[in-house]
file entry_12.txt (compact mmCIF, N, CA and C atoms)
# COMPACT_ATOMS: atom_id res chain seq x y z
N MET A 1237 13.27 -8.28 18.99
CA MET A 1237 12.16 -7.85 18.14
C MET A 1237 12.43 -6.41 17.74
N ASP A 1238 12.39 -6.16 16.45
CA ASP A 1238 12.72 -4.85 15.89
C ASP A 1238 11.46 -4.23 15.28
N ILE A 1239 10.62 -3.64 16.12
CA ILE A 1239 9.39 -3.01 15.64
C ILE A 1239 9.70 -1.57 15.26
N ARG A 1240 9.34 -1.22 14.04
CA ARG A 1240 9.58 0.14 13.54
C ARG A 1240 8.24 0.85 13.38
N GLN A 1241 8.02 1.82 14.23
CA GLN A 1241 6.77 2.57 14.23
C GLN A 1241 6.72 3.47 12.99
N VAL A 1242 5.67 3.34 12.22
CA VAL A 1242 5.48 4.17 11.02
C VAL A 1242 4.53 5.32 11.34
N THR A 1243 3.43 4.99 11.99
CA THR A 1243 2.47 5.97 12.50
C THR A 1243 2.00 5.43 13.86
N PRO A 1244 1.22 6.20 14.61
CA PRO A 1244 0.71 5.66 15.87
C PRO A 1244 -0.14 4.39 15.68
N GLU A 1245 -0.71 4.23 14.51
CA GLU A 1245 -1.60 3.10 14.25
C GLU A 1245 -0.97 1.98 13.42
N PHE A 1246 0.30 2.13 13.03
CA PHE A 1246 0.91 1.13 12.14
C PHE A 1246 2.41 1.03 12.37
N ALA A 1247 2.89 -0.22 12.38
CA ALA A 1247 4.32 -0.49 12.50
C ALA A 1247 4.66 -1.71 11.65
N VAL A 1248 5.94 -1.83 11.33
CA VAL A 1248 6.43 -2.99 10.58
C VAL A 1248 7.59 -3.61 11.35
N ALA A 1249 7.88 -4.87 11.02
CA ALA A 1249 8.97 -5.57 11.69
C ALA A 1249 9.50 -6.67 10.79
N PRO A 1250 10.78 -7.00 10.98
CA PRO A 1250 11.28 -8.25 10.41
C PRO A 1250 10.60 -9.42 11.12
N GLN A 1251 10.87 -10.63 10.67
CA GLN A 1251 10.24 -11.83 11.23
C GLN A 1251 10.15 -11.78 12.75
N ILE A 1252 8.95 -12.01 13.24
CA ILE A 1252 8.72 -12.13 14.68
C ILE A 1252 8.54 -13.61 15.01
N GLN A 1253 8.51 -13.93 16.29
CA GLN A 1253 8.37 -15.31 16.75
C GLN A 1253 7.08 -15.47 17.55
N PRO A 1254 6.57 -16.69 17.65
CA PRO A 1254 5.36 -16.90 18.45
C PRO A 1254 5.51 -16.39 19.89
N THR A 1255 6.70 -16.47 20.44
CA THR A 1255 6.92 -16.02 21.81
C THR A 1255 6.90 -14.50 21.96
N ASP A 1256 6.87 -13.78 20.85
CA ASP A 1256 6.84 -12.31 20.89
C ASP A 1256 5.44 -11.74 21.12
N PHE A 1257 4.41 -12.56 20.99
CA PHE A 1257 3.05 -12.01 20.98
C PHE A 1257 2.61 -11.40 22.30
N SER A 1258 3.12 -11.88 23.42
CA SER A 1258 2.72 -11.23 24.68
C SER A 1258 3.28 -9.81 24.73
N ALA A 1259 4.51 -9.62 24.26
CA ALA A 1259 5.10 -8.27 24.21
C ALA A 1259 4.38 -7.41 23.18
N ILE A 1260 3.98 -8.00 22.07
CA ILE A 1260 3.25 -7.26 21.03
C ILE A 1260 1.91 -6.78 21.59
N ALA A 1261 1.22 -7.66 22.30
CA ALA A 1261 -0.05 -7.28 22.93
C ALA A 1261 0.18 -6.19 23.97
N ALA A 1262 1.25 -6.31 24.74
CA ALA A 1262 1.55 -5.31 25.78
C ALA A 1262 1.83 -3.94 25.18
N GLN A 1263 2.31 -3.91 23.93
CA GLN A 1263 2.56 -2.64 23.25
C GLN A 1263 1.29 -2.06 22.63
N GLY A 1264 0.18 -2.77 22.74
CA GLY A 1264 -1.10 -2.24 22.30
C GLY A 1264 -1.55 -2.64 20.91
N PHE A 1265 -0.80 -3.49 20.24
CA PHE A 1265 -1.22 -3.92 18.90
C PHE A 1265 -2.43 -4.83 19.03
N VAL A 1266 -3.42 -4.59 18.16
CA VAL A 1266 -4.65 -5.39 18.18
C VAL A 1266 -4.71 -6.36 17.00
N ALA A 1267 -3.84 -6.15 16.00
CA ALA A 1267 -3.82 -7.02 14.83
C ALA A 1267 -2.39 -7.14 14.32
N VAL A 1268 -2.08 -8.31 13.77
CA VAL A 1268 -0.79 -8.58 13.14
C VAL A 1268 -1.06 -9.14 11.75
N MET A 1269 -0.28 -8.65 10.78
CA MET A 1269 -0.35 -9.15 9.41
C MET A 1269 0.97 -9.80 9.05
N CYS A 1270 0.90 -11.02 8.55
CA CYS A 1270 2.07 -11.71 8.02
C CYS A 1270 2.07 -11.56 6.51
N ASN A 1271 3.16 -11.04 5.96
CA ASN A 1271 3.26 -10.84 4.52
C ASN A 1271 4.23 -11.81 3.86
N ARG A 1272 4.52 -12.92 4.54
CA ARG A 1272 5.41 -13.95 4.01
C ARG A 1272 4.60 -15.17 3.60
N PRO A 1273 4.98 -15.80 2.50
CA PRO A 1273 4.38 -17.11 2.20
C PRO A 1273 4.81 -18.11 3.27
N ASP A 1274 3.94 -19.03 3.61
CA ASP A 1274 4.28 -20.08 4.56
C ASP A 1274 5.42 -20.92 3.99
N GLY A 1275 6.40 -21.26 4.81
CA GLY A 1275 7.50 -22.10 4.37
C GLY A 1275 8.50 -21.43 3.46
N GLU A 1276 8.54 -20.11 3.45
CA GLU A 1276 9.45 -19.38 2.58
C GLU A 1276 10.91 -19.66 2.91
N GLU A 1277 11.21 -19.93 4.18
CA GLU A 1277 12.59 -20.08 4.63
C GLU A 1277 12.65 -21.13 5.73
N ASP A 1278 13.69 -21.92 5.75
CA ASP A 1278 13.88 -22.90 6.82
C ASP A 1278 13.89 -22.20 8.17
N GLY A 1279 13.20 -22.79 9.13
CA GLY A 1279 13.17 -22.23 10.46
C GLY A 1279 12.12 -21.16 10.69
N GLN A 1280 11.44 -20.77 9.65
CA GLN A 1280 10.38 -19.76 9.76
C GLN A 1280 9.18 -20.38 10.48
N PRO A 1281 8.63 -19.72 11.49
CA PRO A 1281 7.42 -20.27 12.13
C PRO A 1281 6.28 -20.35 11.11
N SER A 1282 5.48 -21.40 11.22
CA SER A 1282 4.36 -21.56 10.28
C SER A 1282 3.28 -20.52 10.57
N VAL A 1283 2.48 -20.27 9.57
CA VAL A 1283 1.35 -19.35 9.72
C VAL A 1283 0.42 -19.86 10.82
N GLU A 1284 0.23 -21.16 10.88
CA GLU A 1284 -0.64 -21.74 11.91
C GLU A 1284 -0.09 -21.46 13.31
N GLU A 1285 1.23 -21.64 13.51
CA GLU A 1285 1.85 -21.34 14.81
C GLU A 1285 1.66 -19.87 15.17
N MET A 1286 1.87 -19.01 14.18
CA MET A 1286 1.77 -17.57 14.42
C MET A 1286 0.32 -17.17 14.73
N ARG A 1287 -0.61 -17.72 13.98
CA ARG A 1287 -2.04 -17.42 14.22
C ARG A 1287 -2.44 -17.88 15.63
N ASP A 1288 -2.04 -19.08 16.01
CA ASP A 1288 -2.38 -19.60 17.34
C ASP A 1288 -1.80 -18.70 18.44
N ALA A 1289 -0.55 -18.28 18.28
CA ALA A 1289 0.09 -17.41 19.28
C ALA A 1289 -0.60 -16.05 19.35
N ALA A 1290 -0.96 -15.51 18.19
CA ALA A 1290 -1.66 -14.22 18.16
C ALA A 1290 -2.99 -14.33 18.89
N GLU A 1291 -3.78 -15.33 18.51
CA GLU A 1291 -5.11 -15.48 19.09
C GLU A 1291 -5.05 -15.77 20.58
N ALA A 1292 -4.02 -16.51 21.03
CA ALA A 1292 -3.86 -16.79 22.46
C ALA A 1292 -3.59 -15.50 23.25
N ASN A 1293 -3.13 -14.48 22.55
CA ASN A 1293 -2.84 -13.19 23.19
C ASN A 1293 -3.87 -12.12 22.85
N GLY A 1294 -5.00 -12.54 22.28
CA GLY A 1294 -6.08 -11.61 21.97
C GLY A 1294 -5.82 -10.70 20.79
N ILE A 1295 -4.96 -11.14 19.88
CA ILE A 1295 -4.59 -10.34 18.71
C ILE A 1295 -5.15 -10.99 17.45
N ALA A 1296 -5.79 -10.20 16.61
CA ALA A 1296 -6.27 -10.70 15.32
C ALA A 1296 -5.06 -10.98 14.42
N PHE A 1297 -5.15 -12.01 13.60
CA PHE A 1297 -4.04 -12.38 12.72
C PHE A 1297 -4.53 -12.46 11.29
N HIS A 1298 -3.78 -11.84 10.38
CA HIS A 1298 -4.13 -11.84 8.95
C HIS A 1298 -2.92 -12.29 8.16
N HIS A 1299 -3.15 -13.16 7.19
CA HIS A 1299 -2.06 -13.65 6.33
C HIS A 1299 -2.29 -13.14 4.91
N ILE A 1300 -1.43 -12.21 4.49
CA ILE A 1300 -1.50 -11.64 3.15
C ILE A 1300 -0.11 -11.78 2.54
N PRO A 1301 0.19 -12.99 2.02
CA PRO A 1301 1.56 -13.24 1.54
C PRO A 1301 1.83 -12.63 0.16
N VAL A 1302 3.04 -12.12 0.02
CA VAL A 1302 3.55 -11.68 -1.28
C VAL A 1302 4.99 -12.18 -1.39
N ALA A 1303 5.43 -12.42 -2.61
CA ALA A 1303 6.78 -12.96 -2.81
C ALA A 1303 7.32 -12.51 -4.15
N GLY A 1304 8.62 -12.62 -4.29
CA GLY A 1304 9.27 -12.37 -5.57
C GLY A 1304 9.17 -10.94 -6.06
N GLY A 1305 9.02 -10.00 -5.14
CA GLY A 1305 8.92 -8.61 -5.55
C GLY A 1305 7.63 -8.26 -6.26
N GLN A 1306 6.67 -9.17 -6.23
CA GLN A 1306 5.38 -8.96 -6.87
C GLN A 1306 4.36 -8.50 -5.82
N PHE A 1307 3.59 -7.48 -6.17
CA PHE A 1307 2.57 -6.95 -5.27
C PHE A 1307 1.24 -6.90 -6.02
N PRO A 1308 0.56 -8.05 -6.10
CA PRO A 1308 -0.70 -8.12 -6.85
C PRO A 1308 -1.76 -7.18 -6.28
N ASP A 1309 -2.62 -6.72 -7.16
CA ASP A 1309 -3.69 -5.81 -6.74
C ASP A 1309 -4.52 -6.40 -5.60
N ALA A 1310 -4.78 -7.71 -5.65
CA ALA A 1310 -5.59 -8.34 -4.60
C ALA A 1310 -4.90 -8.24 -3.24
N ALA A 1311 -3.59 -8.41 -3.19
CA ALA A 1311 -2.85 -8.31 -1.93
C ALA A 1311 -2.87 -6.87 -1.42
N ILE A 1312 -2.70 -5.93 -2.32
CA ILE A 1312 -2.72 -4.52 -1.94
C ILE A 1312 -4.10 -4.14 -1.39
N ALA A 1313 -5.15 -4.60 -2.06
CA ALA A 1313 -6.51 -4.32 -1.60
C ALA A 1313 -6.79 -4.98 -0.25
N ALA A 1314 -6.33 -6.20 -0.05
CA ALA A 1314 -6.54 -6.89 1.22
C ALA A 1314 -5.80 -6.18 2.35
N PHE A 1315 -4.58 -5.75 2.07
CA PHE A 1315 -3.79 -5.01 3.06
C PHE A 1315 -4.51 -3.73 3.45
N ARG A 1316 -4.97 -2.99 2.46
CA ARG A 1316 -5.70 -1.75 2.71
C ARG A 1316 -6.96 -2.00 3.54
N ALA A 1317 -7.68 -3.07 3.22
CA ALA A 1317 -8.91 -3.39 3.95
C ALA A 1317 -8.62 -3.70 5.42
N VAL A 1318 -7.56 -4.44 5.68
CA VAL A 1318 -7.22 -4.74 7.07
C VAL A 1318 -6.82 -3.46 7.80
N ARG A 1319 -5.97 -2.67 7.19
CA ARG A 1319 -5.54 -1.42 7.84
C ARG A 1319 -6.72 -0.50 8.12
N ARG A 1320 -7.61 -0.38 7.16
CA ARG A 1320 -8.75 0.53 7.34
C ARG A 1320 -9.81 -0.05 8.26
N GLY A 1321 -9.91 -1.38 8.31
CA GLY A 1321 -10.96 -2.02 9.07
C GLY A 1321 -10.59 -2.41 10.48
N THR A 1322 -9.38 -2.09 10.91
CA THR A 1322 -8.93 -2.47 12.25
C THR A 1322 -8.99 -1.26 13.16
N ASP A 1323 -9.64 -1.44 14.29
CA ASP A 1323 -9.76 -0.37 15.28
C ASP A 1323 -8.65 -0.53 16.30
N GLY A 1324 -7.49 0.04 15.99
CA GLY A 1324 -6.33 -0.04 16.87
C GLY A 1324 -5.07 -0.29 16.08
N PRO A 1325 -3.94 -0.28 16.73
CA PRO A 1325 -2.65 -0.42 16.05
C PRO A 1325 -2.44 -1.79 15.40
N VAL A 1326 -1.85 -1.76 14.21
CA VAL A 1326 -1.56 -2.95 13.42
C VAL A 1326 -0.04 -3.07 13.25
N LEU A 1327 0.46 -4.30 13.40
CA LEU A 1327 1.85 -4.61 13.13
C LEU A 1327 1.90 -5.56 11.94
N ALA A 1328 2.65 -5.20 10.91
CA ALA A 1328 2.84 -6.07 9.75
C ALA A 1328 4.29 -6.53 9.73
N TYR A 1329 4.50 -7.80 9.36
CA TYR A 1329 5.87 -8.30 9.31
C TYR A 1329 6.09 -9.18 8.08
N CYS A 1330 7.37 -9.28 7.72
CA CYS A 1330 7.83 -10.19 6.67
C CYS A 1330 9.26 -10.56 7.06
N ARG A 1331 10.08 -10.99 6.14
CA ARG A 1331 11.45 -11.38 6.50
C ARG A 1331 12.24 -10.20 7.03
N THR A 1332 12.17 -9.04 6.35
CA THR A 1332 12.95 -7.86 6.76
C THR A 1332 12.08 -6.64 7.10
N GLY A 1333 10.81 -6.69 6.78
CA GLY A 1333 9.91 -5.55 6.95
C GLY A 1333 9.67 -4.80 5.66
N THR A 1334 10.50 -5.05 4.63
CA THR A 1334 10.40 -4.29 3.38
C THR A 1334 9.09 -4.57 2.65
N ARG A 1335 8.68 -5.83 2.55
CA ARG A 1335 7.41 -6.13 1.86
C ARG A 1335 6.24 -5.47 2.58
N SER A 1336 6.29 -5.49 3.91
CA SER A 1336 5.18 -4.92 4.68
C SER A 1336 5.08 -3.41 4.49
N ILE A 1337 6.21 -2.69 4.55
CA ILE A 1337 6.15 -1.24 4.35
C ILE A 1337 5.81 -0.93 2.89
N THR A 1338 6.25 -1.78 1.97
CA THR A 1338 5.91 -1.57 0.55
C THR A 1338 4.41 -1.74 0.35
N LEU A 1339 3.83 -2.77 0.93
CA LEU A 1339 2.38 -2.95 0.81
C LEU A 1339 1.63 -1.75 1.39
N ASP A 1340 2.07 -1.25 2.52
CA ASP A 1340 1.41 -0.09 3.11
C ASP A 1340 1.55 1.13 2.20
N THR A 1341 2.71 1.31 1.64
CA THR A 1341 2.96 2.45 0.75
C THR A 1341 2.09 2.36 -0.50
N LEU A 1342 1.96 1.17 -1.06
CA LEU A 1342 1.13 0.99 -2.26
C LEU A 1342 -0.36 1.06 -1.92
N ALA A 1343 -0.75 0.51 -0.78
CA ALA A 1343 -2.17 0.48 -0.41
C ALA A 1343 -2.70 1.85 -0.01
N ASN A 1344 -1.84 2.69 0.55
CA ASN A 1344 -2.19 4.05 0.95
C ASN A 1344 -3.48 4.11 1.77
N PRO A 1345 -3.55 3.36 2.87
CA PRO A 1345 -4.78 3.34 3.67
C PRO A 1345 -5.11 4.67 4.33
N ASP A 1346 -4.13 5.55 4.45
CA ASP A 1346 -4.37 6.85 5.07
C ASP A 1346 -4.64 7.96 4.06
N ASP A 1347 -4.69 7.59 2.77
CA ASP A 1347 -4.96 8.55 1.70
C ASP A 1347 -4.06 9.79 1.78
N ILE A 1348 -2.76 9.54 1.76
CA ILE A 1348 -1.80 10.64 1.81
C ILE A 1348 -0.99 10.71 0.51
N ALA A 1349 -0.35 11.82 0.30
CA ALA A 1349 0.42 12.05 -0.93
C ALA A 1349 1.62 11.11 -1.03
N PRO A 1350 2.03 10.80 -2.27
CA PRO A 1350 3.18 9.90 -2.47
C PRO A 1350 4.43 10.32 -1.70
N ALA A 1351 4.76 11.59 -1.71
CA ALA A 1351 5.98 12.04 -1.03
C ALA A 1351 5.92 11.75 0.47
N GLU A 1352 4.77 11.91 1.07
CA GLU A 1352 4.62 11.64 2.50
C GLU A 1352 4.74 10.14 2.77
N ARG A 1353 4.18 9.31 1.89
CA ARG A 1353 4.29 7.85 2.06
C ARG A 1353 5.75 7.42 1.98
N LEU A 1354 6.48 7.97 1.02
CA LEU A 1354 7.91 7.63 0.89
C LEU A 1354 8.70 8.11 2.09
N GLN A 1355 8.33 9.27 2.63
CA GLN A 1355 9.02 9.79 3.81
C GLN A 1355 8.75 8.92 5.02
N ARG A 1356 7.52 8.47 5.19
CA ARG A 1356 7.21 7.57 6.31
C ARG A 1356 8.07 6.31 6.24
N ALA A 1357 8.18 5.75 5.04
CA ALA A 1357 9.00 4.55 4.86
C ALA A 1357 10.45 4.85 5.20
N SER A 1358 10.94 5.96 4.72
CA SER A 1358 12.33 6.36 4.99
C SER A 1358 12.56 6.56 6.48
N ASP A 1359 11.63 7.21 7.15
CA ASP A 1359 11.75 7.44 8.58
C ASP A 1359 11.80 6.13 9.37
N ALA A 1360 11.17 5.08 8.80
CA ALA A 1360 11.19 3.76 9.44
C ALA A 1360 12.41 2.94 9.03
N GLY A 1361 13.24 3.52 8.14
CA GLY A 1361 14.48 2.84 7.74
C GLY A 1361 14.42 2.09 6.43
N TYR A 1362 13.42 2.40 5.59
CA TYR A 1362 13.24 1.71 4.32
C TYR A 1362 13.25 2.71 3.17
N ASP A 1363 14.13 2.49 2.21
CA ASP A 1363 14.22 3.35 1.04
C ASP A 1363 13.33 2.77 -0.06
N LEU A 1364 12.21 3.43 -0.32
CA LEU A 1364 11.26 2.96 -1.34
C LEU A 1364 11.18 3.93 -2.52
N THR A 1365 12.22 4.71 -2.74
CA THR A 1365 12.19 5.68 -3.84
C THR A 1365 11.98 5.00 -5.19
N ASN A 1366 12.32 3.71 -5.29
CA ASN A 1366 12.08 2.98 -6.54
C ASN A 1366 10.60 2.84 -6.85
N LEU A 1367 9.72 3.12 -5.89
CA LEU A 1367 8.27 3.05 -6.12
C LEU A 1367 7.68 4.37 -6.61
N SER A 1368 8.48 5.40 -6.68
CA SER A 1368 7.97 6.74 -6.99
C SER A 1368 7.06 6.78 -8.20
N ASN A 1369 7.41 6.07 -9.26
CA ASN A 1369 6.59 6.11 -10.49
C ASN A 1369 5.34 5.25 -10.38
N LYS A 1370 5.18 4.47 -9.31
CA LYS A 1370 3.99 3.61 -9.15
C LYS A 1370 2.97 4.21 -8.20
N LEU A 1371 3.30 5.33 -7.59
CA LEU A 1371 2.41 5.94 -6.61
C LEU A 1371 1.61 7.06 -7.24
N ALA A 1372 0.32 7.05 -6.92
CA ALA A 1372 -0.56 8.10 -7.45
C ALA A 1372 -1.07 8.97 -6.33

call {"tool": "encode", "arguments": {"input": "entry_12.txt", "output": "structure tokens"}}
result
Amino acid sequence: MDIRQVTPEFAVAPQIQPTDFSAIAAQGFVAVMCNRPDGEEDGQPSVEEMRDAAEANGIAFHHIPVAGGQFPDAAIAAFRAVRRGTDGPVLAYCRTGTRSITLDTLANPDDIAPAERLQRASDAGYDLTNLSNKLA
């Protein structure tokens, strides 16, 4: 499991497995967001499997899928609402972590400047400089 801490309250990861949730809970995460469409790739655990594993470990589970490099306003708003409405650390995942960090960068739940958002992504190992003209 490759969890990349972005802030004390937020981290991203490539695809996790249902068996990872006990370790995720032990690390203090109270919510997990899946940013992959169900069935995107062969062998990917279903959203139902992931939700069941999360809930069995006392972790809230949110499914906010995005695909094809598209980040609809509704997905960005939902991501922001979960981040702002969760009392405790949140872990977001997708296939590589890029969609999750991109959603966080676009949603700007911490109300920080674009340069700081891009730096956070870079510090976590994601180059999002291509978003520079989309950040306000």

call {"tool": "atom_distance", "arguments": {"input": "entry_12.txt", "atom1": "CA of Arg1353 (chain A)", "atom2": "atom N of Pro1273 (chain A)"}}
result
23.7 Å

call {"tool": "residues_around", "arguments": {"input": "entry_12.txt", "residues": "region 1251-1268 of chain A", "least_positions_apart": "2", "cutoff": "8 Å", "atoms": "only C-alpha atoms", "output": "ChimeraX atom specification"}}
result
/A:1237,1249,1270,1281,1285-1286,1289-1290,1293-1298,1322-1333

call {"tool": "closest_residue", "arguments": {"input": "entry_12.txt", "among": "A:Ala1247, A:Val1302, A:Leu1367, A:Ala1292", "to": "Arg1319 (chain A)", "atoms": "only C-alpha atoms"}}
result
A:Ala1247

call {"tool": "atom_distance", "arguments": {"input": "entry_12.txt", "atom1": "atom N of Ala1313 (chain A)", "atom2": "atom C of Gln1280 (chain A)"}}
result
24.7 Å

call {"tool": "select_by_dssp", "arguments": {"input": "entry_12.txt", "residues": "region 1275-1307 of chain A", "states": "alpha helix (DSSP H)", "output": "MDAnalysis selection string"}}
result
chainID A and resid 1283:1292

call {"tool": "select_by_dssp", "arguments": {"input": "entry_12.txt", "residues": "region 1316-1361 of chain A", "states": "strand (DSSP E)", "output": "VMD selection string"}}
result
chain A and resid 1326 to 1329

call {"tool": "atom_distance", "arguments": {"input": "entry_12.txt", "atom1": "CA of Glu1284 (chain A)", "atom2": "CA of Ala1317 (chain A)"}}
result
21.6 Å

call {"tool": "closest_residue", "arguments": {"input": "entry_12.txt", "among": "A:Arg1335, A:Val1248, A:Gly1361, A:Asp1340", "to": "Ala1303 (chain A)", "atoms": "all atoms listed in the file"}}
result
A:Arg1335

call {"tool": "closest_residue", "arguments": {"input": "entry_12.txt", "among": "A:Ala1314, A:Val1283, A:Leu1371, A:Ala1357", "to": "Phe1246 (chain A)", "atoms": "only C-alpha atoms"}}
result
A:Ala1357

call {"tool": "residues_around", "arguments": {"input": "entry_12.txt", "residues": "Asp1309 (chain A)", "least_positions_apart": "5", "cutoff": "12 Å", "atoms": "only C-alpha atoms", "output": "list of chain:residue names"}}
result
A:Ile1300, A:Val1302, A:Ala1314, A:Phe1315, A:Arg1316, A:Leu1339, A:Leu1342, A:Ala1343

call {"tool": "closest_residue", "arguments": {"input": "entry_12.txt", "among": "A:Glu1291, A:Asp1359, A:Asp1274, A:Asp1346", "to": "Arg1240 (chain A)", "atoms": "all atoms listed in the file"}}
result
A:Asp1359

call {"tool": "closest_residue", "arguments": {"input": "entry_12.txt", "among": "A:Arg1272, A:Asp1278, A:Ile1312, A:Pro1250", "to": "Asn1344 (chain A)", "atoms": "all atoms listed in the file"}}
result
A:Ile1312
